[in-house]
Each structure stands twice: as structure tokens, then as C-alpha cells.
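Novice: Contents of query_33.txt (compact mmCIF, C-alpha atoms and all ligand atoms) are below:
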```txt
# COMPACT_ATOMS: atom_id res chain seq x y z
CA MET A 1 0.00 0.00 0.00
CA SER A 2 2.75 2.45 0.92
CA ASP A 3 4.54 1.50 -2.32
CA ARG A 4 1.43 2.45 -4.22
CA LEU A 5 1.20 5.69 -2.31
CA ALA A 6 4.82 6.47 -3.08
CA ALA A 7 4.28 5.68 -6.76
CA THR A 8 1.24 7.99 -6.86
CA ALA A 9 3.21 10.76 -5.16
CA SER A 10 6.08 10.44 -7.65
CA LEU A 11 3.67 10.51 -10.56
CA ALA A 12 2.12 13.70 -9.19
CA MET A 13 5.58 15.26 -8.87
CA ILE A 14 6.52 14.30 -12.41
CA ALA A 15 3.25 15.77 -13.69
CA ASN A 16 3.98 19.01 -11.82
CA VAL A 17 7.41 19.31 -13.35
CA LEU A 18 6.12 18.54 -16.83
CA LEU A 19 3.09 20.80 -16.68
CA PHE A 20 4.61 23.78 -14.86
CA PRO A 21 6.13 25.44 -17.97
CA TYR A 22 2.71 25.44 -19.65
CA ALA A 23 1.05 26.96 -16.62
CA ALA A 24 3.75 29.65 -16.51
CA ARG A 25 3.08 30.52 -20.16
CA GLY A 26 -0.66 30.92 -19.53
CA GLN A 27 -0.86 34.60 -20.49
CA PRO A 28 0.26 34.39 -24.12
CA ALA A 29 -1.99 31.33 -24.57
CA ALA A 30 -4.94 33.39 -23.28
CA ASP A 31 -4.10 36.23 -25.72
CA LEU A 32 -3.92 33.75 -28.56
CA SER A 33 -7.26 32.20 -27.69
CA LEU A 34 -8.83 35.67 -27.45
CA SER A 35 -7.63 36.67 -30.90
CA SER A 36 -8.80 33.32 -32.28
CA LEU A 37 -12.19 33.91 -30.71
CA ALA A 38 -12.34 37.41 -32.18
CA ALA A 39 -11.33 35.99 -35.58
CA THR A 40 -14.54 33.94 -35.64
CA CYS A 41 -16.44 37.27 -35.86
CA ALA A 42 -14.37 38.49 -38.83
CA GLY A 43 -16.34 36.63 -41.51
CA CYS A 44 -19.28 38.97 -40.94
CA HIS A 45 -17.89 41.94 -39.00
CA GLY A 46 -14.63 42.31 -40.94
CA THR A 47 -10.98 41.79 -40.05
CA ALA A 48 -10.33 43.00 -36.48
CA GLY A 49 -14.01 43.96 -36.34
CA ARG A 50 -13.79 46.60 -39.10
CA ALA A 51 -16.80 45.98 -41.30
CA VAL A 52 -17.11 46.99 -44.94
CA ARG A 53 -18.23 50.61 -45.07
CA GLY A 54 -21.86 51.02 -46.04
CA GLY A 55 -22.51 47.30 -45.49
CA ALA A 56 -25.42 45.86 -43.51
CA ILE A 57 -23.29 44.48 -40.67
CA PRO A 58 -21.97 46.92 -38.07
CA SER A 59 -18.29 47.30 -37.12
CA LEU A 60 -17.16 46.03 -33.74
CA ALA A 61 -13.81 47.85 -33.71
CA GLY A 62 -13.87 50.86 -31.43
CA MET A 63 -17.21 49.92 -29.81
CA PRO A 64 -17.33 51.11 -26.20
CA ARG A 65 -16.95 48.18 -23.80
CA GLU A 66 -20.26 48.79 -22.04
CA THR A 67 -22.22 48.96 -25.30
CA PHE A 68 -20.64 45.76 -26.56
CA ILE A 69 -21.39 43.91 -23.32
CA ALA A 70 -24.99 45.19 -23.20
CA ASP A 71 -25.54 44.18 -26.85
CA MET A 72 -24.14 40.67 -26.34
CA LEU A 73 -26.13 40.08 -23.15
CA GLY A 74 -29.26 41.41 -24.89
CA PHE A 75 -28.75 39.02 -27.82
CA ARG A 76 -28.07 36.15 -25.44
CA ASP A 77 -31.16 36.60 -23.26
CA GLY A 78 -33.34 37.51 -26.24
CA THR A 79 -34.20 41.08 -25.15
CA ARG A 80 -32.46 42.48 -28.22
CA PRO A 81 -34.08 41.15 -31.40
CA ALA A 82 -31.62 39.85 -33.99
CA THR A 83 -31.40 37.60 -37.01
CA ILE A 84 -28.12 35.86 -36.25
CA MET A 85 -26.57 37.17 -33.06
CA GLN A 86 -29.14 35.60 -30.72
CA GLN A 87 -27.87 32.18 -31.76
CA LEU A 88 -24.19 33.11 -31.65
CA ALA A 89 -24.32 34.92 -28.32
CA LYS A 90 -25.71 31.82 -26.59
CA GLY A 91 -22.26 30.27 -26.80
CA PHE A 92 -20.55 32.96 -24.72
CA ASP A 93 -20.26 33.29 -20.95
CA GLU A 94 -19.77 36.68 -19.23
CA ALA A 95 -15.99 36.25 -18.97
CA ARG A 96 -15.64 35.71 -22.73
CA ILE A 97 -18.02 38.56 -23.54
CA GLU A 98 -15.99 40.91 -21.34
CA ALA A 99 -12.71 39.73 -22.86
CA LEU A 100 -14.08 40.31 -26.38
CA ALA A 101 -15.44 43.72 -25.33
CA GLY A 102 -11.91 44.74 -24.29
CA TYR A 103 -10.43 43.34 -27.48
CA PHE A 104 -12.73 45.29 -29.80
CA ALA A 105 -12.78 48.48 -27.69
CA ALA A 106 -8.99 48.59 -28.00
CA ARG A 107 -9.17 48.56 -31.81
CA GLY A 108 -9.57 51.82 -33.70
CA ALA A 109 -12.54 52.07 -36.03
CA GLU A 110 -10.10 52.73 -38.90
CA PRO A 111 -6.98 50.69 -39.60
CA PRO A 112 -3.73 52.44 -38.66
CA GLY A 113 -2.39 54.63 -41.48
CA ARG A 114 -4.36 55.42 -44.61
CA PRO A 115 -7.73 53.63 -44.84
CA ALA A 116 -7.37 50.81 -47.41
CA ASN A 117 -10.46 51.79 -49.43
CA THR A 118 -9.32 55.33 -50.21
CA ALA A 119 -5.83 54.50 -51.55
CA ARG A 120 -5.02 56.50 -54.77
C1 LIG B 1 -22.81 35.07 -39.59
C2 LIG B 1 -22.50 36.48 -39.45
C3 LIG B 1 -22.06 36.98 -38.07
C4 LIG B 1 -21.04 36.51 -37.28
C5 LIG B 1 -20.11 35.33 -37.53
C6 LIG B 1 -20.98 37.38 -36.13
N1 LIG B 1 -21.93 38.36 -36.21
FE1 LIG B 1 -22.30 39.86 -34.84
N2 LIG B 1 -23.79 40.57 -36.02
C7 LIG B 1 -24.24 39.98 -37.19
C8 LIG B 1 -25.47 40.65 -37.62
C9 LIG B 1 -26.27 40.32 -38.86
C10 LIG B 1 -25.72 41.67 -36.66
C11 LIG B 1 -26.96 42.58 -36.57
C12 LIG B 1 -27.91 41.93 -35.56
C13 LIG B 1 -28.54 40.65 -36.10
O1 LIG B 1 -29.40 40.74 -36.96
O2 LIG B 1 -28.16 39.53 -35.64
C14 LIG B 1 -24.64 41.60 -35.69
C15 LIG B 1 -24.52 42.46 -34.60
C16 LIG B 1 -23.55 42.37 -33.64
C17 LIG B 1 -23.38 43.29 -32.54
C18 LIG B 1 -24.18 44.57 -32.31
C19 LIG B 1 -23.41 45.71 -32.98
C20 LIG B 1 -24.19 46.99 -33.08
O3 LIG B 1 -23.56 48.05 -33.22
O4 LIG B 1 -25.43 46.95 -33.06
C21 LIG B 1 -22.37 42.83 -31.77
C22 LIG B 1 -21.83 43.43 -30.49
C23 LIG B 1 -21.88 41.62 -32.40
N3 LIG B 1 -22.60 41.37 -33.54
C24 LIG B 1 -20.84 40.86 -31.93
C25 LIG B 1 -20.33 39.73 -32.57
C26 LIG B 1 -19.23 38.96 -32.06
C27 LIG B 1 -18.46 39.27 -30.79
C28 LIG B 1 -19.01 37.95 -32.94
C29 LIG B 1 -17.99 36.83 -32.87
C30 LIG B 1 -17.95 36.08 -31.65
C31 LIG B 1 -19.99 38.08 -34.01
N4 LIG B 1 -20.76 39.18 -33.75
C32 LIG B 1 -20.08 37.23 -35.09
C33 LIG B 1 -23.65 38.93 -37.86
C34 LIG B 1 -22.62 38.15 -37.39
```
Take the structure in the file and give it back as C-alpha cells.
Specialist:
Amino acid sequence: MSDRLAATASLAMIANVLLFPYAARGQPAADLSLSSLAATCAGCHGTAGRAVRGGAIPSLAGMPRETFIADMLGFRDGTRPATIMQQLAKGFDEARIEALAGYFAARGAEPPGRPANTAR
């Protein structure tokens, strides 16, 4: 029995040593997963949340955090009528909605430098 206990303890120690570097690198992994999550919105809302000007789908880039959060919660609980977003918003918990709100609020409504559509 004590052999088994010792074996379990050593396994736990080995797992700690092996897994520690991943735990220590948690922050970049979180950033990466946030940008991947935001990229799932790009198909409709444009790259980095900058929608095509004059299109039917609104931009997310530069949206104030509070507005973004209120919109997403409204879609999720059905108080804000929508065609698509009610379904999509159901997949997001508050933590993810807040993280995405910060991501899009930090992006300018226009890309840095000259806007791509007005070149020449
Ligand atoms: C399939 C297309 C599609 C995708 C993908 C999509 N959206 Fe939307 N989004 C829409 C449409 C269309 C609207 C307008 C409301 C409606 O009819 O659903 C909208 C509206 C919004 C609004 C309200 C903006 C405003 O100014 O009124 C927010 C916030 C939003 N989407 C967030 C997101 C986020 C975050 C993602 C990615 C996780 C996402 N959307 C992915 C189509 C999409």
C-alpha cells in the first residue's frame, strides 16, 4: 500500500514538473485564444471587427466596452431582437463577452495609417 502511495506521489511530482512550464506561459496562450475567438467574428464583422463601409453588418472595432457587453447580453437573453446574433451569443459566458469587449474596444474604427479603401 505504501509503495502504491509512493508511486502515486512520484507521478504527481513528475506531472507538476512537466506541466509547470505550460502553466507559466498561460498569459500568451490566453491572448492567442482571445484573438482566435475574435477571428470567428471576422467573416461577418470584418478583419479585427472593421466591417465593410456602407454594409449591412456593423463594425465592432472601437465599440465602447459597455455597449458591446450590453448588446451581447441582450442578444443572449433575447431582449435584443436579432437575425443571427441571438444564436451566436448563446455560446458565450460573461468572462468571454468581457474579454471580447476589451479586445474590440482597443481597436480603432479605422486601420492604422491610410484607410485601405481610399488608396489612390
Ligand atoms: C454570420 C455572421 C455573423 C457573425 C459570424 C458574427 N456576427 Fe455579430 N452581427 C451579425 C449581424 C447580422 C448583426 C446585426 C444583428 C442581427 O441581426 O443579428 C450583428 C450584430 C452584432 C453586434 C451589435 C453591434 C451593433 O452596433 O449593433 C455585436 C456586439 C456583435 N454582432 C458581436 C459579434 C461577435 C463578438 C461575434 C464573434 C464572436 C460576431 N458578432 C459574429 C452577424 C454576425
Novice: Using all atoms listed in the file, which protein or nucleic acid residues are at most 9 Å from ligand LIG 1 (chain B), as an MDAnalysis selection string?
Specialist: chainID A and resid 37:45 49 56:60 63 67:72 75 80:89 91:92 97 100:101 104
Novice: Which one is closest to Ala30 in chain A: A:Val52, A:Arg96, A:Arg4, A:Gly108? Count only C-alpha atoms.
Specialist: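 Of A:Val52, A:Arg96, A:Arg4, A:Gly108, the one nearest Ala30 in chain A is A:Arg96, counting only C-alpha atoms.
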Novice: What's the separation between CA of Gly62 in chain A and CA of Pro28 in chain A, in Å to one decimal place?
Specialist: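 Between CA of Gly62 in chain A and CA of Pro28 in chain A the gap is 22.9 Å.
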Novice: For Glu98 in chain A, please output as a ChimeraX atom specification all residues within 8 Å (counting only C-alpha atoms; exclusion window: fewer than 4 positions along the same chain).
Specialist: /A:65,69,94,102
Novice: Once you have the residues from the selection above, write them out as a PDB file, in the frame of the given file, restricted to C-alpha atoms.
Specialist:
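selection-v2.pdb was written with the following content:
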```pdb
ATOM      1  CA  ARG A  65     -16.950  48.180 -23.800  1.00  0.00           C
ATOM      2  CA  ILE A  69     -21.390  43.910 -23.320  1.00  0.00           C
ATOM      3  CA  GLU A  94     -19.770  36.680 -19.230  1.00  0.00           C
ATOM      4  CA  GLY A 102     -11.910  44.740 -24.290  1.00  0.00           C
TER       5      GLY A 102
END
```
Novice: Can you measure CA of Ala61 in chain A to CA of Ala99 in chain A for me? One decimal in Å is fine.
Specialist: 13.6 Å
Novice: Measure the distance from CA of Lys90 in chain A to CA of Arg107 in chain A in Å and round it to one decimal.
Specialist: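 Interatomic distance, CA of Lys90 in chain A to CA of Arg107 in chain A: 24.1 Å.
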